[in-house]
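To keep things clear, I will list the structure first and then write my remarks on it.
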There are 2 protein chains.
Amino acid sequence: MRATLIEVAPRDGFQPIGPFIPTDDKVSFVEAAHAAGLRRIEIGSFVNPAAVPQLRDTAEVLRRTAHLEGLDAQVLVPNARGVALALEAGAQHLAYVVSASEAHNRSNVRRDVATSIRDYGEIVAGLPAGLRLRLNLATSFDCPFDGRMEEDLVLSRLDALLAHREDVEVGLCDTTGRADPDHVFSLAAKCLARFGARTRWVFHGHDTYGLGLANVAAAWRAGITGFDAAFGGLGGCPFAPGATGNVATEDVAWMFRRMGVETGVDLDALLRLATRAAALPGASPGGRVRAALADRCAAA
Amino acid sequence: MRATLIEVAPRDGFQPIGPFIPTDDKVSFVEAAHAAGLRRIEIGSFVNPAAVPQLRDTAEVLRRTAHLEGLDAQVLVPNARGVALALEAGAQHLAYVVSASEAHNRSNVRRDVATSIRDYGEIVAGLPAGLRLRLNLATSFDCPFDGRMEEDLVLSRLDALLAHREDVEVGLCDTTGRADPDHVFSLAAKCLARFGARTRWVFHGHDTYGLGLANVAAAWRAGITGFDAAFGGLGGCPFAPGATGNVATEDVAWMFRRMGVETGVDLDALLRLATRAAALPGASPGGRVRAALADRCAAA
């Protein structure tokens, strides 16, 4: 049994941090994650730098980590402009995001879901052959504006999106952290049963309400084997102290180790990395294993 | 669907807190838990007051909360002397503890497991009719000295214990917080299949490694409907900063609410109580929902 951890701290985790993290440090974090055994890393995004100034150096981070052996670096792209910039920078793996919820999509990318799905179709049609594609479905379970999402609606969004291209990796994203394990299991099982084997599935969870690992375990039980996570549990919003971040990579790695599931991660190296990340100025760290194994977190 | 939450903060949560919590405050916490809808509360223990000075006033707390309507107050008793004191104080519900692990039992009650099981048989034989009994099996999953516990050994301990009396409530205790959801599901399912319907089952989890809710969800899925939890996530050891406490009652209540499972708990009242408990001098609080719903935690 093997689970794949997809490290998203350099994008989802760094994004809400106010003080600019120097490019050298970003590169060093990606190198340390790679050295800890992580091979899938979301290293940044090509979004408007006025909107997300923290990630304005993604092209440079991408270039300076391209030599890492076996690294599969993905970058987030919100629109056609982002795709063009990502390709120009040499990106090999793009991640596009659409919200299942109409209200969240409008808030996030200022267009309706139908337009986002059509835009996605155009992007897919124009992509060079061989480019890897990740499709994140935000608010797959719950929306900050609309509350709980009906499964039928979510499945119909996926019908429309996967009609454009089947061989993508789809991230079922619990954007608010309010999904519960029964809900995660149910939707994950339906997705795996409904769509073909060419589509791969990832669960993206937040630990805001303490359900991060419970939901990862539920997705795993349903047959999902890929999991987004952020070292140090980064990804919280500094303007909303309670809105803590992504499920911590070290917590997920710990759980899978206890369950006898291989992740390829060196837990001690990951704990040292997570401890360093948690100390970043402006960060809102999370996770529990760092504290529980504090004696193993100190830098060597 | 209905889950029963058993509030253990007044015993397991208060026990490791150094500064003495005045008896008036203890009574007030039990009253507030009752007002929040909790009906099963472990209010203290009859142990050597030299060993656990914090709980030396259990008899008084028991007496002063006896009038609360529908309250089922249990007290922990480690031995025959504790049973005598508890009965003298008017206790109606006793909780006895044995460890599955030999090493932990010796460390905890300074005798081997066989002796503890024999002692238990003598206690059971001498109990007045109608007295409710809870049997906690510490280290049901993992032992701080011996590591992972073999299920066959744990089941054989239960064979011996339940031979003395079937109509008890058994607490499967994850003493170290190192149980994982697969392990919890497996042992819980085996217990429910092996023993008769007169025996009832409770899962007692700690959130030290962030697996508290994942393990509660696994036990629930296996058919267990009773869950120990402590408001504010109390129960950490102040001498080991990482060793955080019991799974937080407010987190468990939140999860079950999201899952559509009734607990009878007023979440807002519970959040106010948890916030007050987390501020106790010397406490090591835990849980996530308090922070996520911080705007609902303020005292009215």
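Within each chain, counting starts at residue 1; across the structure tokens, chains are named A, B, ... in the order shown, with ligands numbered 1 upward in that order.
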Please determine the contact residues of chain A with respect to chain B at a cut-off of 9 Å, counting only C-alpha atoms, and supply them as a PyMOL selection string. chain A and resi 178-183+207-218+240-244+251+254-256+258-259+287-294
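Every protein, DNA or RNA residue with an atom at most 10 Å from B:Thr65, where only C-alpha atoms count and chain neighbours fewer than 2 positions away do not, is listed here: Lys26, Val27, Ser28, Val30, Glu31, His34, Ile43, Glu60, Val61, Leu62, Arg63, His67, Leu68, Glu69, Leu71 and Ala73 of chain B.
Listed by chain and then by rising number, the residues of stretch 171-281 of chain A that DSSP assigns to strand (DSSP E) from the backbone are Gly171, Leu172, Cys173, Arg200, Trp201, Val202, Phe203, His204, Gly226, Phe227, Asp228 and Ala229 of chain A.
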Between atom CA of B:Gly37 and atom CA of B:Arg296 - distance in Å to one decimal: 17.2 Å
Using only C-alpha atoms for the distances, tell me which of B:Ala33, B:Ala269, B:Val97, B:Leu162 is nearest to B:Arg194. B:Leu162
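Ranking A:Ser101, A:Ser140, A:Asn246, A:Thr263 by their shortest atom-to-atom distance to A:Arg11, with only C-alpha atoms included, puts A:Asn246 first.
Put simply, atom CA of A:Ala51 is 10.9 Å away from atom CA of A:Pro16.
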Would you please extract all helix (DSSP H, G or I) residues from stretch 9-142 of chain B, as assigned by DSSP on the backbone, and give them as a ChimeraX atom specification? /B:9-13,23-35,53-55,58-65,80-88,102-109,113-126
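The gap separating atom CA of B:Gly233 from atom CA of B:Ala9 is 8.0 Å, in Å to one decimal.
With only C-alpha atoms as the basis for measurement, B:Ala80 is the residue among B:Ala219, B:Ala80, B:Ile6, B:Ala193 that approaches B:Glu122 most closely.
Residues with any atom within 12 Å of A:Ile123, counting only C-alpha atoms and excluding same-chain neighbours fewer than 3 positions away, are Val77, Pro78, Asn79, Ala80, Arg81, Gly82, Val83, Ala84, Leu87, Leu94, Ala95, Tyr96, Ser116, Ile117, Arg118, Asp119, Tyr120, Gly126, Leu127, Pro128, Leu131, Leu133, Leu135, Leu161, His164 and Arg165 of chain A.
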Just the selected residues (N, CA and C atoms), exported as a short mmCIF file (atom, residue, chain, number, x, y, z; two decimals), in the first residue's frame, please.
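part_11.cif, written as the output of this step:
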data_model
loop_
_atom_site.label_atom_id
_atom_site.label_comp_id
_atom_site.auth_asym_id
_atom_site.auth_seq_id
_atom_site.Cartn_x
_atom_site.Cartn_y
_atom_site.Cartn_z
N VAL A 77 -2.47 27.94 -11.92
CA VAL A 77 -2.79 28.93 -12.95
C VAL A 77 -4.30 29.19 -12.90
N PRO A 78 -4.70 30.46 -12.71
CA PRO A 78 -6.13 30.74 -12.55
C PRO A 78 -6.83 31.00 -13.87
N ASN A 79 -6.06 31.27 -14.94
CA ASN A 79 -6.67 31.70 -16.20
C ASN A 79 -5.67 31.55 -17.35
N ALA A 80 -6.10 31.93 -18.56
CA ALA A 80 -5.27 31.76 -19.76
C ALA A 80 -3.97 32.55 -19.66
N ARG A 81 -4.04 33.72 -19.06
CA ARG A 81 -2.84 34.55 -18.88
C ARG A 81 -1.81 33.80 -18.01
N GLY A 82 -2.31 33.18 -16.92
CA GLY A 82 -1.44 32.40 -16.05
C GLY A 82 -0.83 31.21 -16.77
N VAL A 83 -1.63 30.57 -17.61
CA VAL A 83 -1.12 29.43 -18.37
C VAL A 83 0.03 29.87 -19.28
N ALA A 84 -0.16 31.01 -19.97
CA ALA A 84 0.89 31.51 -20.87
C ALA A 84 2.18 31.80 -20.10
N LEU A 87 3.85 28.45 -19.00
CA LEU A 87 4.51 27.75 -20.10
C LEU A 87 5.82 28.46 -20.48
N LEU A 94 0.60 21.88 -14.66
CA LEU A 94 -0.24 23.02 -14.30
C LEU A 94 -1.40 22.57 -13.42
N ALA A 95 -1.81 23.45 -12.53
CA ALA A 95 -2.99 23.18 -11.70
C ALA A 95 -3.98 24.31 -11.91
N TYR A 96 -5.17 23.95 -12.38
CA TYR A 96 -6.22 24.92 -12.65
C TYR A 96 -7.28 24.76 -11.58
N SER A 116 -16.04 29.57 -16.25
CA SER A 116 -14.80 28.92 -15.84
C SER A 116 -14.62 27.57 -16.52
N ILE A 117 -15.72 26.83 -16.65
CA ILE A 117 -15.64 25.51 -17.30
C ILE A 117 -15.32 25.68 -18.79
N ARG A 118 -15.93 26.71 -19.42
CA ARG A 118 -15.65 26.98 -20.84
C ARG A 118 -14.19 27.42 -21.00
N ASP A 119 -13.73 28.32 -20.11
CA ASP A 119 -12.33 28.75 -20.15
C ASP A 119 -11.40 27.55 -20.02
N TYR A 120 -11.77 26.64 -19.14
CA TYR A 120 -10.96 25.44 -18.92
C TYR A 120 -10.86 24.63 -20.21
N GLY A 126 -5.68 24.16 -25.95
CA GLY A 126 -4.48 24.84 -26.41
C GLY A 126 -3.18 24.35 -25.78
N LEU A 127 -3.28 23.37 -24.86
CA LEU A 127 -2.06 22.95 -24.15
C LEU A 127 -1.16 22.10 -25.03
N PRO A 128 0.16 22.30 -24.91
CA PRO A 128 1.10 21.42 -25.63
C PRO A 128 0.90 19.97 -25.18
N LEU A 131 1.86 17.81 -21.47
CA LEU A 131 1.82 18.61 -20.25
C LEU A 131 0.89 17.96 -19.24
N LEU A 133 -1.66 17.82 -16.13
CA LEU A 133 -2.72 18.75 -15.71
C LEU A 133 -3.39 18.29 -14.43
N LEU A 135 -6.55 19.44 -11.87
CA LEU A 135 -7.78 20.23 -11.85
C LEU A 135 -8.31 20.25 -10.41
N LEU A 161 -16.45 19.17 -16.61
CA LEU A 161 -15.00 19.42 -16.66
C LEU A 161 -14.26 18.25 -17.31
N HIS A 164 -13.91 17.62 -21.09
CA HIS A 164 -12.85 18.28 -21.87
C HIS A 164 -11.58 17.44 -21.93
N ARG A 165 -11.30 16.71 -20.88
CA ARG A 165 -10.09 15.88 -20.86
C ARG A 165 -10.21 14.93 -19.67
#
